[in-house]
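Printed here is target_17.cif (mmCIF, C-alpha atoms and all ligand atoms):
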data_protein
loop_
_atom_site.label_atom_id
_atom_site.label_comp_id
_atom_site.auth_asym_id
_atom_site.auth_seq_id
_atom_site.Cartn_x
_atom_site.Cartn_y
_atom_site.Cartn_z
CA MET A 1 16.82 34.47 52.13
CA THR A 2 16.10 35.96 48.70
CA PRO A 3 12.57 35.29 47.44
CA GLU A 4 12.13 33.24 44.27
CA PRO A 5 11.60 35.53 41.26
CA GLN A 6 7.89 35.61 40.37
CA PRO A 7 6.73 35.35 36.77
CA THR A 8 5.45 38.70 35.55
CA SER A 9 2.53 37.12 33.70
CA GLN A 10 0.81 33.74 33.42
CA PRO A 11 3.08 31.20 31.75
CA GLN A 12 2.18 30.92 28.05
CA ARG A 13 0.32 27.70 27.22
CA ILE A 14 1.37 26.11 23.99
CA ASP A 15 -2.16 26.46 22.63
CA ARG A 16 -4.35 28.99 24.44
CA TYR A 17 -7.50 27.61 22.75
CA VAL A 18 -6.87 24.07 23.88
CA GLY A 19 -10.06 23.83 25.93
CA GLN A 20 -12.27 25.27 23.23
CA TYR A 21 -12.01 22.88 20.32
CA ALA A 22 -14.94 20.77 19.20
CA GLU A 23 -14.65 17.22 20.41
CA ARG A 24 -14.02 15.96 16.89
CA ALA A 25 -10.93 18.16 16.60
CA VAL A 26 -9.34 16.71 19.72
CA GLY A 27 -8.65 13.38 17.99
CA MET A 28 -7.05 15.07 14.97
CA VAL A 29 -3.36 14.31 15.13
CA ALA A 30 -0.64 14.34 12.48
CA SER A 31 -0.47 11.01 10.70
CA GLU A 32 2.67 8.90 10.95
CA ILE A 33 3.29 9.71 7.31
CA ARG A 34 3.06 13.46 7.67
CA ALA A 35 5.49 13.47 10.53
CA LEU A 36 7.91 11.55 8.34
CA PHE A 37 7.68 13.59 5.17
CA ALA A 38 10.16 16.30 6.12
CA VAL A 39 12.93 14.01 7.28
CA ALA A 40 12.38 11.41 4.54
CA ALA A 41 12.71 14.12 1.87
CA ARG A 42 16.38 14.68 2.71
CA PRO A 43 18.46 13.57 -0.29
CA GLU A 44 20.76 11.27 1.70
CA ILE A 45 17.80 9.20 2.85
CA VAL A 46 16.30 6.49 0.65
CA SER A 47 12.64 7.04 1.25
CA LEU A 48 10.41 4.01 1.00
CA ALA A 49 7.90 6.03 3.02
CA GLY A 50 5.47 8.48 1.34
CA GLY A 51 3.15 7.16 -1.38
CA SER A 52 3.79 9.85 -4.01
CA PRO A 53 3.54 9.00 -7.70
CA TYR A 54 6.57 9.50 -9.94
CA VAL A 55 5.18 12.53 -11.80
CA ALA A 56 8.58 13.31 -13.31
CA ALA A 57 7.76 10.53 -15.81
CA LEU A 58 5.11 12.79 -17.38
CA PRO A 59 6.06 14.73 -20.52
CA LEU A 60 6.17 17.94 -18.48
CA GLU A 61 6.86 20.29 -21.38
CA VAL A 62 3.94 18.91 -23.33
CA VAL A 63 1.67 19.26 -20.29
CA GLY A 64 2.98 22.82 -19.84
CA ASP A 65 2.13 23.72 -23.44
CA MET A 66 -1.29 22.17 -23.06
CA VAL A 67 -1.97 24.24 -19.93
CA GLY A 68 -0.79 27.41 -21.72
CA GLN A 69 -3.16 26.73 -24.58
CA LEU A 70 -5.96 26.00 -22.15
CA ILE A 71 -5.64 29.42 -20.55
CA ALA A 72 -5.16 31.21 -23.88
CA GLY A 73 -8.21 29.52 -25.41
CA GLN A 74 -10.56 28.86 -22.49
CA GLY A 75 -9.17 31.01 -19.70
CA ALA A 76 -12.47 32.73 -18.94
CA THR A 77 -13.98 29.34 -18.06
CA ALA A 78 -10.89 27.75 -16.52
CA LEU A 79 -10.42 30.70 -14.16
CA GLN A 80 -14.08 30.99 -13.17
CA TYR A 81 -16.27 29.22 -10.58
CA CYS A 82 -18.16 26.16 -11.76
CA THR A 83 -20.85 23.87 -10.32
CA ALA A 84 -20.24 21.79 -7.19
CA GLN A 85 -20.87 18.59 -9.16
CA GLY A 86 -18.01 19.39 -11.48
CA ASP A 87 -17.37 20.13 -15.15
CA ALA A 88 -19.72 18.15 -17.41
CA GLY A 89 -17.05 17.47 -20.05
CA LEU A 90 -14.69 16.09 -17.45
CA ARG A 91 -17.43 13.88 -16.00
CA GLU A 92 -17.94 12.39 -19.47
CA ARG A 93 -14.26 11.55 -19.73
CA ILE A 94 -14.34 10.07 -16.22
CA CYS A 95 -16.99 7.65 -17.45
CA ASP A 96 -14.59 6.56 -20.23
CA VAL A 97 -11.89 5.93 -17.63
CA MET A 98 -14.23 3.85 -15.46
CA ALA A 99 -15.32 1.82 -18.50
CA LEU A 100 -11.83 0.26 -18.37
CA GLU A 101 -13.00 -1.45 -15.16
CA GLN A 102 -16.37 -2.41 -16.64
CA ILE A 103 -18.30 0.36 -14.89
CA ARG A 104 -21.12 1.74 -16.99
CA ALA A 105 -21.95 5.17 -15.59
CA HIS A 106 -23.67 8.29 -16.87
CA PRO A 107 -21.86 11.62 -16.35
CA ASP A 108 -24.80 12.77 -14.20
CA GLU A 109 -23.88 10.06 -11.68
CA VAL A 110 -20.38 11.46 -11.17
CA VAL A 111 -19.36 14.05 -8.57
CA VAL A 112 -15.91 15.59 -9.00
CA THR A 113 -13.95 15.92 -5.75
CA VAL A 114 -10.64 17.37 -4.56
CA GLY A 115 -8.80 14.07 -4.93
CA SER A 116 -10.48 10.97 -3.63
CA GLN A 117 -9.44 12.16 -0.17
CA GLN A 118 -12.21 14.74 -0.25
CA ALA A 119 -14.70 12.07 -1.29
CA LEU A 120 -13.71 10.11 1.83
CA ASP A 121 -14.26 13.18 3.95
CA LEU A 122 -17.63 13.89 2.33
CA MET A 123 -18.77 10.29 2.77
CA ALA A 124 -17.91 10.46 6.45
CA ARG A 125 -19.56 13.85 6.74
CA ILE A 126 -22.89 12.67 5.35
CA PHE A 127 -22.96 9.23 7.02
CA VAL A 128 -21.07 9.28 10.30
CA ASP A 129 -22.36 10.53 13.62
CA PRO A 130 -20.05 10.24 16.64
CA GLY A 131 -19.74 6.59 17.66
CA ASP A 132 -21.07 5.15 14.38
CA VAL A 133 -19.34 2.02 13.22
CA VAL A 134 -17.37 2.00 9.97
CA LEU A 135 -15.84 -1.28 8.81
CA VAL A 136 -12.38 -1.05 7.24
CA GLU A 137 -9.72 -3.56 6.27
CA ALA A 138 -6.89 -4.43 8.64
CA PRO A 139 -4.68 -2.56 7.86
CA SER A 140 -6.35 0.39 6.10
CA TYR A 141 -5.41 3.56 4.23
CA VAL A 142 -4.17 6.14 6.72
CA GLY A 143 -6.00 9.05 5.04
CA ALA A 144 -9.33 7.22 5.31
CA LEU A 145 -8.70 6.47 8.98
CA GLY A 146 -7.97 10.16 9.52
CA ALA A 147 -11.14 11.24 7.73
CA PHE A 148 -13.30 8.78 9.67
CA ALA A 149 -11.66 9.72 12.98
CA SER A 150 -12.40 13.38 12.38
CA TYR A 151 -16.11 12.53 12.38
CA GLN A 152 -15.59 10.37 15.50
CA ALA A 153 -16.36 7.07 13.80
CA ASP A 154 -15.88 3.86 15.71
CA VAL A 155 -13.57 2.10 13.24
CA VAL A 156 -13.75 -1.71 13.25
CA HIS A 157 -11.03 -3.56 11.34
CA VAL A 158 -11.74 -6.65 9.24
CA ALA A 159 -8.94 -9.12 8.54
CA MET A 160 -7.35 -9.62 5.12
CA ASP A 161 -5.06 -12.28 3.71
CA ASP A 162 -3.12 -12.49 0.45
CA ASP A 163 -6.44 -12.51 -1.44
CA GLY A 164 -7.73 -9.34 0.21
CA LEU A 165 -10.69 -8.95 2.54
CA ILE A 166 -11.74 -12.28 4.10
CA PRO A 167 -15.48 -12.86 3.59
CA GLU A 168 -15.89 -14.85 6.82
CA ALA A 169 -14.15 -12.09 8.78
CA LEU A 170 -16.54 -9.55 7.25
CA GLU A 171 -19.56 -11.65 8.25
CA GLU A 172 -18.16 -11.94 11.76
CA ALA A 173 -17.58 -8.16 12.01
CA ILE A 174 -21.16 -7.52 10.89
CA ARG A 175 -22.41 -10.03 13.48
CA ARG A 176 -20.32 -8.51 16.25
CA THR A 177 -21.55 -5.02 15.40
CA ALA A 178 -25.16 -6.21 15.38
CA ALA A 179 -24.61 -7.82 18.78
CA THR A 180 -23.92 -4.34 20.17
CA GLY A 181 -27.26 -3.14 18.77
CA ARG A 182 -25.61 -1.20 15.96
CA ARG A 183 -25.30 -1.44 12.19
CA ALA A 184 -22.15 -0.28 10.43
CA LYS A 185 -22.65 2.77 8.23
CA PHE A 186 -20.46 1.39 5.47
CA LEU A 187 -17.61 -0.91 4.56
CA TYR A 188 -14.56 0.97 3.28
CA THR A 189 -12.39 -1.17 1.02
CA VAL A 190 -9.43 -0.75 -1.35
CA PRO A 191 -9.84 -3.85 -3.52
CA ASN A 192 -6.90 -3.38 -5.89
CA PHE A 193 -3.19 -3.19 -4.97
CA HIS A 194 -4.08 -2.20 -1.47
CA ASN A 195 -2.53 0.70 0.39
CA PRO A 196 -0.72 -0.33 2.57
CA ALA A 197 -1.04 -4.13 2.26
CA GLY A 198 -0.24 -4.49 -1.46
CA VAL A 199 -2.80 -7.28 -1.88
CA THR A 200 -5.76 -7.49 -4.28
CA LEU A 201 -9.25 -8.81 -3.61
CA ALA A 202 -9.45 -12.09 -5.53
CA ALA A 203 -11.97 -12.21 -8.39
CA GLY A 204 -13.68 -15.18 -6.72
CA ARG A 205 -14.29 -13.20 -3.53
CA ARG A 206 -15.83 -10.12 -5.11
CA HIS A 207 -19.36 -11.43 -5.54
CA ARG A 208 -19.23 -13.00 -2.12
CA ILE A 209 -18.32 -9.68 -0.48
CA LEU A 210 -21.06 -7.88 -2.41
CA ASP A 211 -23.54 -10.55 -1.47
CA ILE A 212 -22.67 -10.36 2.24
CA CYS A 213 -23.01 -6.57 2.18
CA HIS A 214 -26.24 -6.73 0.24
CA ARG A 215 -27.81 -9.15 2.73
CA ALA A 216 -26.67 -6.99 5.66
CA GLY A 217 -27.87 -3.75 4.00
CA LEU A 218 -24.30 -2.50 4.23
CA LEU A 219 -23.14 0.18 1.82
CA VAL A 220 -19.72 -0.43 0.21
CA VAL A 221 -17.24 2.38 -0.39
CA GLU A 222 -14.86 1.12 -3.08
CA ASP A 223 -11.71 3.26 -3.14
CA ASN A 224 -9.69 2.51 -6.23
CA PRO A 225 -6.72 4.80 -6.91
CA TYR A 226 -4.45 2.05 -8.25
CA GLY A 227 -6.82 -0.15 -10.30
CA LEU A 228 -5.28 0.85 -13.66
CA LEU A 229 -1.75 0.29 -12.40
CA GLY A 230 -1.77 -3.50 -12.49
CA PHE A 231 1.34 -5.24 -13.83
CA ASP A 232 -0.35 -8.28 -15.39
CA GLY A 233 -3.31 -8.47 -17.72
CA GLU A 234 -6.42 -6.34 -17.82
CA PRO A 235 -7.77 -4.21 -14.95
CA MET A 236 -9.98 -6.10 -12.51
CA ARG A 237 -13.72 -5.69 -12.76
CA ALA A 238 -14.82 -3.05 -10.24
CA LEU A 239 -17.26 -3.94 -7.45
CA ARG A 240 -19.38 -1.05 -8.65
CA ALA A 241 -19.73 -2.77 -12.05
CA ASP A 242 -21.84 -5.45 -10.35
CA ASP A 243 -23.80 -3.36 -7.88
CA THR A 244 -24.82 0.18 -8.71
CA ASP A 245 -27.17 0.55 -5.72
CA GLY A 246 -24.90 -0.81 -3.04
CA VAL A 247 -21.50 0.65 -3.98
CA VAL A 248 -20.07 4.15 -3.93
CA TYR A 249 -17.00 4.13 -6.16
CA LEU A 250 -14.11 6.56 -5.60
CA GLY A 251 -11.55 7.32 -8.29
CA THR A 252 -8.69 9.74 -8.73
CA PHE A 253 -6.25 11.06 -11.31
CA SER A 254 -3.52 11.32 -8.67
CA LYS A 255 -1.75 8.11 -9.66
CA THR A 256 -2.57 7.90 -13.36
CA PHE A 257 -1.90 11.56 -14.20
CA ALA A 258 -0.85 14.03 -11.52
CA ALA A 259 -1.49 14.16 -7.77
CA GLY A 260 -0.97 17.93 -7.81
CA VAL A 261 -4.10 18.65 -9.85
CA ARG A 262 -6.13 17.22 -6.94
CA VAL A 263 -8.91 15.83 -9.11
CA GLY A 264 -10.82 12.77 -8.00
CA TRP A 265 -14.44 11.68 -8.16
CA ALA A 266 -17.25 9.68 -6.64
CA VAL A 267 -19.97 7.70 -8.38
CA ALA A 268 -22.89 7.05 -6.11
CA PRO A 269 -26.56 6.05 -6.06
CA THR A 270 -28.76 9.09 -6.74
CA ALA A 271 -29.74 10.06 -3.20
CA ILE A 272 -26.18 9.74 -1.90
CA ARG A 273 -24.87 11.70 -4.86
CA GLU A 274 -27.22 14.59 -4.09
CA LYS A 275 -25.97 14.69 -0.50
CA LEU A 276 -22.37 14.56 -1.66
CA ILE A 277 -22.96 17.56 -3.92
CA LEU A 278 -24.56 19.54 -1.10
CA ALA A 279 -21.74 18.61 1.28
CA ALA A 280 -19.12 19.55 -1.34
CA GLU A 281 -20.86 22.87 -1.91
CA SER A 282 -20.68 23.76 1.75
CA ALA A 283 -17.05 22.65 1.95
CA VAL A 284 -15.59 24.35 -1.13
CA LEU A 285 -18.44 25.97 -3.17
CA CYS A 286 -16.95 24.27 -6.20
CA HIS A 287 -13.70 22.58 -7.11
CA SER A 288 -10.94 24.22 -9.08
CA SER A 289 -12.16 24.81 -12.64
CA PHE A 290 -8.56 25.17 -13.68
CA SER A 291 -7.61 21.72 -12.40
CA GLN A 292 -10.71 20.11 -13.83
CA LEU A 293 -10.20 21.61 -17.26
CA THR A 294 -6.53 20.67 -17.16
CA VAL A 295 -7.50 17.04 -16.64
CA ARG A 296 -10.25 17.26 -19.25
CA GLU A 297 -7.80 18.67 -21.81
CA TYR A 298 -5.25 16.05 -20.89
CA LEU A 299 -7.75 13.27 -21.48
CA ASN A 300 -9.04 14.89 -24.69
CA THR A 301 -5.72 15.71 -26.30
CA GLN A 302 -2.97 13.49 -24.85
CA PRO A 303 -2.27 9.76 -25.24
CA TRP A 304 -3.28 8.97 -21.66
CA HIS A 305 -3.63 5.23 -22.24
CA GLU A 306 0.00 5.15 -23.35
CA GLN A 307 1.05 7.21 -20.35
CA ILE A 308 -0.64 4.74 -18.00
CA LYS A 309 1.23 1.92 -19.75
CA ASP A 310 4.49 3.81 -19.19
CA PHE A 311 3.66 4.28 -15.51
CA ARG A 312 2.86 0.59 -15.23
CA GLU A 313 6.20 -0.41 -16.71
CA LEU A 314 8.07 2.01 -14.47
CA TYR A 315 6.36 0.80 -11.32
CA ARG A 316 6.70 -2.83 -12.33
CA GLU A 317 10.47 -2.37 -12.59
CA ARG A 318 10.50 -0.78 -9.13
CA ARG A 319 8.30 -3.51 -7.69
CA ASP A 320 10.69 -6.12 -9.12
CA ALA A 321 13.70 -4.33 -7.61
CA THR A 322 11.90 -4.27 -4.26
CA LEU A 323 10.97 -7.94 -4.29
CA SER A 324 14.38 -9.14 -5.43
CA GLY A 325 16.06 -6.90 -2.84
CA LEU A 326 13.85 -8.29 -0.10
CA ALA A 327 14.36 -11.90 -1.22
CA GLY A 328 18.14 -11.42 -1.39
CA MET A 329 18.78 -9.37 1.73
CA MET A 330 16.08 -9.63 4.40
CA PRO A 331 16.98 -11.72 7.43
CA SER A 332 14.91 -14.81 8.18
CA GLY A 333 11.71 -14.13 10.09
CA CYS A 334 10.71 -11.31 7.69
CA HIS A 335 7.66 -11.86 5.47
CA TRP A 336 6.20 -9.60 2.82
CA THR A 337 3.38 -9.34 0.30
CA ARG A 338 3.97 -9.51 -3.47
CA PRO A 339 1.91 -6.77 -5.10
CA ALA A 340 0.63 -7.32 -8.64
CA GLY A 341 0.27 -3.56 -9.11
CA GLY A 342 0.28 -0.24 -7.29
CA PHE A 343 2.98 1.12 -5.00
CA TYR A 344 3.22 -0.90 -1.78
CA VAL A 345 4.80 -3.89 -0.09
CA TRP A 346 3.70 -4.76 3.44
CA LEU A 347 6.62 -6.09 5.40
CA ARG A 348 6.25 -8.16 8.55
CA LEU A 349 9.26 -7.93 10.82
CA PRO A 350 10.61 -10.82 12.87
CA ASP A 351 8.89 -11.47 16.21
CA GLY A 352 9.86 -9.02 18.91
CA ILE A 353 10.90 -6.25 16.48
CA ASN A 354 8.79 -3.11 16.54
CA ALA A 355 8.76 -0.97 13.38
CA LYS A 356 7.94 2.23 15.23
CA ALA A 357 10.69 1.78 17.81
CA MET A 358 13.13 0.90 15.04
CA LEU A 359 12.37 3.92 12.86
CA PRO A 360 14.84 6.39 14.41
CA ARG A 361 17.61 3.83 13.89
CA ALA A 362 16.50 3.33 10.29
CA ILE A 363 16.53 7.08 9.67
CA SER A 364 20.05 7.25 11.14
CA SER A 365 20.97 4.52 8.68
CA ARG A 366 19.45 6.69 5.94
CA VAL A 367 16.38 4.68 5.02
CA ALA A 368 12.73 5.54 5.76
CA TYR A 369 9.49 3.55 5.78
CA VAL A 370 6.11 3.98 7.43
CA PRO A 371 5.53 1.92 10.60
CA GLY A 372 2.41 -0.25 10.45
CA THR A 373 0.85 1.49 13.45
CA GLY A 374 -0.35 4.34 11.20
CA PHE A 375 -2.69 1.96 9.39
CA TYR A 376 -4.68 0.72 12.37
CA ALA A 377 -7.22 2.84 14.23
CA ASP A 378 -6.12 1.32 17.53
CA GLY A 379 -2.40 1.82 16.93
CA SER A 380 -1.64 -1.89 16.59
CA GLY A 381 0.42 -3.16 13.64
CA GLY A 382 3.78 -2.43 15.26
CA GLN A 383 5.33 -5.52 13.73
CA TYR A 384 4.71 -4.20 10.21
CA ALA A 385 6.25 -1.61 7.91
CA ARG A 386 4.91 -0.20 4.66
CA LEU A 387 7.48 0.05 1.90
CA CYS A 388 6.56 2.26 -1.03
CA TYR A 389 8.63 1.79 -4.20
CA SER A 390 7.05 4.42 -6.47
CA LEU A 391 9.65 7.19 -6.13
CA PRO A 392 13.24 5.85 -5.87
CA ASP A 393 14.83 4.28 -8.94
CA PRO A 394 15.69 0.55 -8.82
CA ASP A 395 19.29 1.10 -7.69
CA ARG A 396 18.20 3.33 -4.83
CA ILE A 397 15.54 0.84 -3.87
CA GLY A 398 18.22 -1.88 -3.68
CA GLU A 399 20.40 0.37 -1.55
CA GLY A 400 17.45 1.26 0.71
CA ILE A 401 16.63 -2.38 1.29
CA ARG A 402 20.28 -3.18 2.00
CA ARG A 403 20.28 -0.46 4.69
CA LEU A 404 16.95 -1.63 6.08
CA ALA A 405 18.08 -5.25 6.26
CA ALA A 406 21.17 -4.19 8.21
CA VAL A 407 19.01 -2.19 10.66
CA ILE A 408 16.69 -5.15 11.20
CA GLU A 409 19.65 -7.45 11.80
CA THR A 410 21.00 -5.09 14.46
CA GLU A 411 17.55 -4.96 16.09
CA MET A 412 17.40 -8.74 16.12
CA GLN A 413 20.76 -8.82 17.84
CA LEU A 414 19.51 -6.33 20.46
CA ARG A 415 16.33 -8.36 20.89
CA ASP A 416 18.39 -11.51 21.47
CA ASP A 417 20.63 -9.71 23.96
CA PHE A 418 18.01 -7.68 25.85
CA GLY A 419 14.57 -9.09 24.96
CA PRO A 420 11.78 -7.78 22.69
CA MET A 421 11.26 -4.01 22.39
CA SER A 422 8.12 -1.99 22.89
CA ALA A 423 7.19 1.04 20.79
CA SER A 424 7.29 3.58 23.59
C1 LIG B 501 -6.17 4.13 -0.96
C2 LIG B 501 -6.08 5.59 -1.21
N1 LIG B 501 -7.21 6.32 -1.23
C3 LIG B 501 -7.19 7.63 -1.43
C4 LIG B 501 -6.00 8.29 -1.64
C5 LIG B 501 -6.05 9.80 -1.82
O1 LIG B 501 -5.68 10.15 -3.07
P1 LIG B 501 -6.01 11.55 -3.70
O2 LIG B 501 -6.69 12.40 -2.69
O3 LIG B 501 -4.71 12.11 -4.13
O4 LIG B 501 -6.92 11.26 -4.85
C6 LIG B 501 -4.79 7.60 -1.63
C7 LIG B 501 -3.51 8.28 -1.80
O5 LIG B 501 -2.45 7.78 -1.61
C8 LIG B 501 -4.84 6.20 -1.42
O6 LIG B 501 -3.74 5.45 -1.42
#
In C-alpha cells, write the structure found in this file.
Ligand SMILES: Cc1ncc(COP(=O)(O)O)c(C=O)c1O
Amino acid sequence: MTPEPQPTSQPQRIDRYVGQYAERAVGMVASEIRALFAVAARPEIVSLAGGSPYVAALPLEVVGDMVGQLIAGQGATALQYCTAQGDAGLRERICDVMALEQIRAHPDEVVVTVGSQQALDLMARIFVDPGDVVLVEAPSYVGALGAFASYQADVVHVAMDDDGLIPEALEEAIRRTAATGRRAKFLYTVPNFHNPAGVTLAAGRRHRILDICHRAGLLVVEDNPYGLLGFDGEPMRALRADDTDGVVYLGTFSKTFAAGVRVGWAVAPTAIREKLILAAESAVLCHSSFSQLTVREYLNTQPWHEQIKDFRELYRERRDATLSGLAGMMPSGCHWTRPAGGFYVWLRLPDGINAKAMLPRAISSRVAYVPGTGFYADGSGGQYARLCYSLPDPDRIGEGIRRLAAVIETEMQLRDDFGPMSAS
C-alpha cells in the first residue's frame, strides 16, 4: 500500500496572526454595506444600496478652478500641517452653517474631524470601556454601530416609530440599564431624516427626549448629516440648540458639499471637546489642511445655500419616484416609511420574507438594497431593507423598484409553497 503523501510544511492558515489580535479587533467585521459595494457598483444593477451623495450635481469645473486658485494663492498653508482642532476660518464658517439649525456656537467650541465618522470613533474612544452601555435607536446607522463595536460597547437599541425615538422606550431602556447596575455612557441619535429609517424626531418630542436625558445624566450624541436636506419648510431646530451642556453635535459636509473631502465636525461641552482634540491628535496629528481649506474656500466664495437648494430638489424628485414606485408596485404586506428629507426609505417586507436571504436573488434580478440586519447590533431586522434613492435617477429608481417588487413576489410564492425562510 502506498503511503499518503505528507505535506512538506505546515498548511498555511488564512491569517497567521489570528490568535494575536486585541480583543476589540476580533469583533471588527465588514459591514453589510461594504460587502455590497463592489457588486452593487456594476452598471447593470440598479443600486438602492450605498448611501452616497450625488456629487455629480456639483459644478465640478467651478470647484476645480477654486481648488486651483487655492493652491496657487494659499498652497503653503493648504499643503502644511495644521492644529488638531482644525482651521480657525473653517470653524467660523461651520458656526454659520449650524446657525441654520438655531445652534449658537463659538468657533472655539468646534473640533474639525475626518467626516462625522471620525467624530463617532473619537466619542467612543474617549467614553467607552469594554462592556459599557451605549443607547442607540432601533435601527441605527451602521457606521456608528461599527465604531461602537470596535470599542466593545454593549449596544442597547431603543424603539422608534414614525415620529422618531419613542420617549417612553428611552425611559424604559434607561431603567433597564440601571437595573443591571450600569449607566449608559451616551444616547446616540440621528434626529433628522434618519439613516436607515427615514423618519424624523417630531418637534414635540425633542424637549421630552432632552428632559429625560437631563434627568438621567445621560449625554446625547446628536448626529445630523441630513438636517439641511429637508424637502418641506425650514430645517428643524437642533437638539444642541436647546442644551449646550448635555449634547454633543456632529455635522458633516459629506451630504451638503462633497463626501470625498472628508470634512466633518463636533461641537461639544468644553471638557469633552478637549478630550476630543487630544484623541484626534493621537489618531491623525491633524486633519487634512487641503480638505479643510477647500471647504472653507467653497463656503467663502461659492453660493452654497443655492447648491443645498439644488440638492434638496434633486433628492425630493428621487424620493417622490421612490414613493410612487413603491405605492404602485409593491405587493401587499409591504410597508415603508415616507421620508421628509435625506436619502432613505425603510421597507418592511411581508411576514416570512427575509431581506438577507432574498438579497442574492435580488442581485440576480439586477437590483440591490441593504438588508436590515446591518442596522442592528444583534443582527435582527431581517424583515427590513434599506432603500437609498440618492444616486439613481428617477427612471432607474422606478426600474429598480419594479425589479424588487418582482423578486418579493417570487419570494412570497416560495414562502407559500415551502414555508418562511431563514437568513442562513
Ligand atoms: C447618520 C450618519 N452619520 C454619519 C455618517 C458619516 O458621514 P461622513 O463620515 O461622511 O461625514 C453618515 C454617512 O452616511 C450617516 O448617514
Point to revise | Which of A:Arg182, A:His214, A:Lys255, A:His157 sits closest to Phe375 (chain A) [using all atoms listed in the file] | key: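 Once distances to Phe375 (chain A) are computed over all atoms listed in the file, the minimum belongs to A:His157.
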Point to revise | Environment of ligand LIG 501 (chain B) within 10 Å, counting all atoms listed in the file, reported as a count of residues only | key: 48
Practice item. For Pro331 (chain A), work out the shell of residues within 8 Å, counting only C-alpha atoms and skipping chain neighbours fewer than 3 positions away, then give it as a list in words. Key: Cys334, Ala405, Ile408 and Glu409 of chain A
Review point. For the atom pair CA of Arg183 (chain A) and CA of Ala216 (chain A), what is the interatomic distance in Å to one decimal place?
Key: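 We find that CA of Arg183 (chain A) and CA of Ala216 (chain A) lie 8.7 Å from each other.
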Exercise for review: Tell me which protein, DNA and RNA residues are within 8 Å of region 63-77 of chain A, counting only C-alpha atoms, leaving out same-chain ones fewer than 3 positions away, and put them as a list in words.
Suggested key: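 Neighbouring residues, sequence-local ones excluded: Leu58, Pro59, Leu60, Gln80, Tyr81, Ser289, Leu293, Thr294, Glu297 and Tyr298 of chain A.
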Check your understanding: Distance CA of Ala283 (chain A)-CA of Thr256 (chain A), one decimal place?
Key -> 25.7 Å
Could you list, with a cut-off of 12 Å and counting only C-alpha atoms, the residues of region 226-340 of chain A near region 380-404 of chain A, each shown with its nearest atom pair and the distance in Å rounded to one decimal, rows sorted by chain and ascending number, as a tab-separated table?
residue	atom	partner	partner_atom	distance
A:Tyr226	CA	A:Ser390	CA	11.9
A:Leu229	CA	A:Ser390	CA	11.4
A:Lys255	CA	A:Ser390	CA	10.1
A:Phe311	CA	A:Ser390	CA	9.7
A:Arg312	CA	A:Ser390	CA	10.4
A:Glu313	CA	A:Ser390	CA	11.4
A:Leu314	CA	A:Ser390	CA	8.4
A:Tyr315	CA	A:Ser390	CA	6.1
A:Arg316	CA	A:Ser390	CA	9.3
A:Glu317	CA	A:Pro394	CA	7.1
A:Arg318	CA	A:Pro394	CA	5.4
A:Arg319	CA	A:Tyr389	CA	6.4
A:Asp320	CA	A:Pro394	CA	8.3
A:Ala321	CA	A:Pro394	CA	5.4
A:Thr322	CA	A:Ile397	CA	6.3
A:Leu323	CA	A:Gly398	CA	9.5
A:Ser324	CA	A:Gly398	CA	8.4
A:Gly325	CA	A:Gly398	CA	5.5
A:Leu326	CA	A:Ile401	CA	6.7
A:Ala327	CA	A:Ile401	CA	10.1
A:Gly328	CA	A:Arg402	CA	9.2
A:Met329	CA	A:Arg402	CA	6.4
A:Met330	CA	A:Ile401	CA	7.9
A:Pro331	CA	A:Leu404	CA	10.2
A:Gly333	CA	A:Gln383	CA	11.3
A:Cys334	CA	A:Tyr384	CA	9.6
A:His335	CA	A:Tyr384	CA	9.5
A:Trp336	CA	A:Tyr384	CA	9.3
A:Thr337	CA	A:Arg386	CA	10.2
A:Arg338	CA	A:Leu387	CA	11.5
A:Pro339	CA	A:Tyr389	CA	10.9
Just write the chosen residues, C-alpha atoms, as a compact mmCIF listing (two decimals), in the frame of the given file.
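Okay, again_16.txt is ready:
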# COMPACT_ATOMS: atom_id res chain seq x y z
CA TYR A 226 -4.45 2.05 -8.25
CA LEU A 229 -1.75 0.29 -12.40
CA LYS A 255 -1.75 8.11 -9.66
CA PHE A 311 3.66 4.28 -15.51
CA ARG A 312 2.86 0.59 -15.23
CA GLU A 313 6.20 -0.41 -16.71
CA LEU A 314 8.07 2.01 -14.47
CA TYR A 315 6.36 0.80 -11.32
CA ARG A 316 6.70 -2.83 -12.33
CA GLU A 317 10.47 -2.37 -12.59
CA ARG A 318 10.50 -0.78 -9.13
CA ARG A 319 8.30 -3.51 -7.69
CA ASP A 320 10.69 -6.12 -9.12
CA ALA A 321 13.70 -4.33 -7.61
CA THR A 322 11.90 -4.27 -4.26
CA LEU A 323 10.97 -7.94 -4.29
CA SER A 324 14.38 -9.14 -5.43
CA GLY A 325 16.06 -6.90 -2.84
CA LEU A 326 13.85 -8.29 -0.10
CA ALA A 327 14.36 -11.90 -1.22
CA GLY A 328 18.14 -11.42 -1.39
CA MET A 329 18.78 -9.37 1.73
CA MET A 330 16.08 -9.63 4.40
CA PRO A 331 16.98 -11.72 7.43
CA GLY A 333 11.71 -14.13 10.09
CA CYS A 334 10.71 -11.31 7.69
CA HIS A 335 7.66 -11.86 5.47
CA TRP A 336 6.20 -9.60 2.82
CA THR A 337 3.38 -9.34 0.30
CA ARG A 338 3.97 -9.51 -3.47
CA PRO A 339 1.91 -6.77 -5.10
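Coordinates place CA of Asp129 (chain A) at a distance of 18.8 Å from CA of Val248 (chain A).
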Practice item. Identify, on the basis of only C-alpha atoms, every residue whose closest approach to Leu90 (chain A) does not exceed 8 Å; exclude the query and any residue fewer than 4 positions from it along the same chain; express the result as a PyMOL selection string. Key: chain A and resi 86+94+292-293+295-296
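With distances restricted to all atoms listed in the file, A:Met236 is the closest residue to Leu201 (chain A) from A:Val128, A:Met236, A:Ala49, A:Ile14.
Residues in contact with Arg125 (chain A) at 9 Å, where all atoms listed in the file are counted and same-chain residues fewer than 6 positions away are skipped, are listed as Ala147, Phe148, Tyr151, Leu276 and Ala279 of chain A.
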Polymer residues at most 9 Å from Met358 (chain A), all atoms listed in the file, same-chain spacing of 6 or more positions, as a tab-separated table (two decimals) with C-alpha atoms, keeping the file's coordinate frame:
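Output file result_4.tsv is given in full below:
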chain	number	residue	atom	x	y	z
A	371	PRO	CA	5.53	1.92	10.60
A	407	VAL	CA	19.01	-2.19	10.66
A	408	ILE	CA	16.69	-5.15	11.20
A	411	GLU	CA	17.55	-4.96	16.09
A	423	ALA	CA	7.19	1.04	20.79
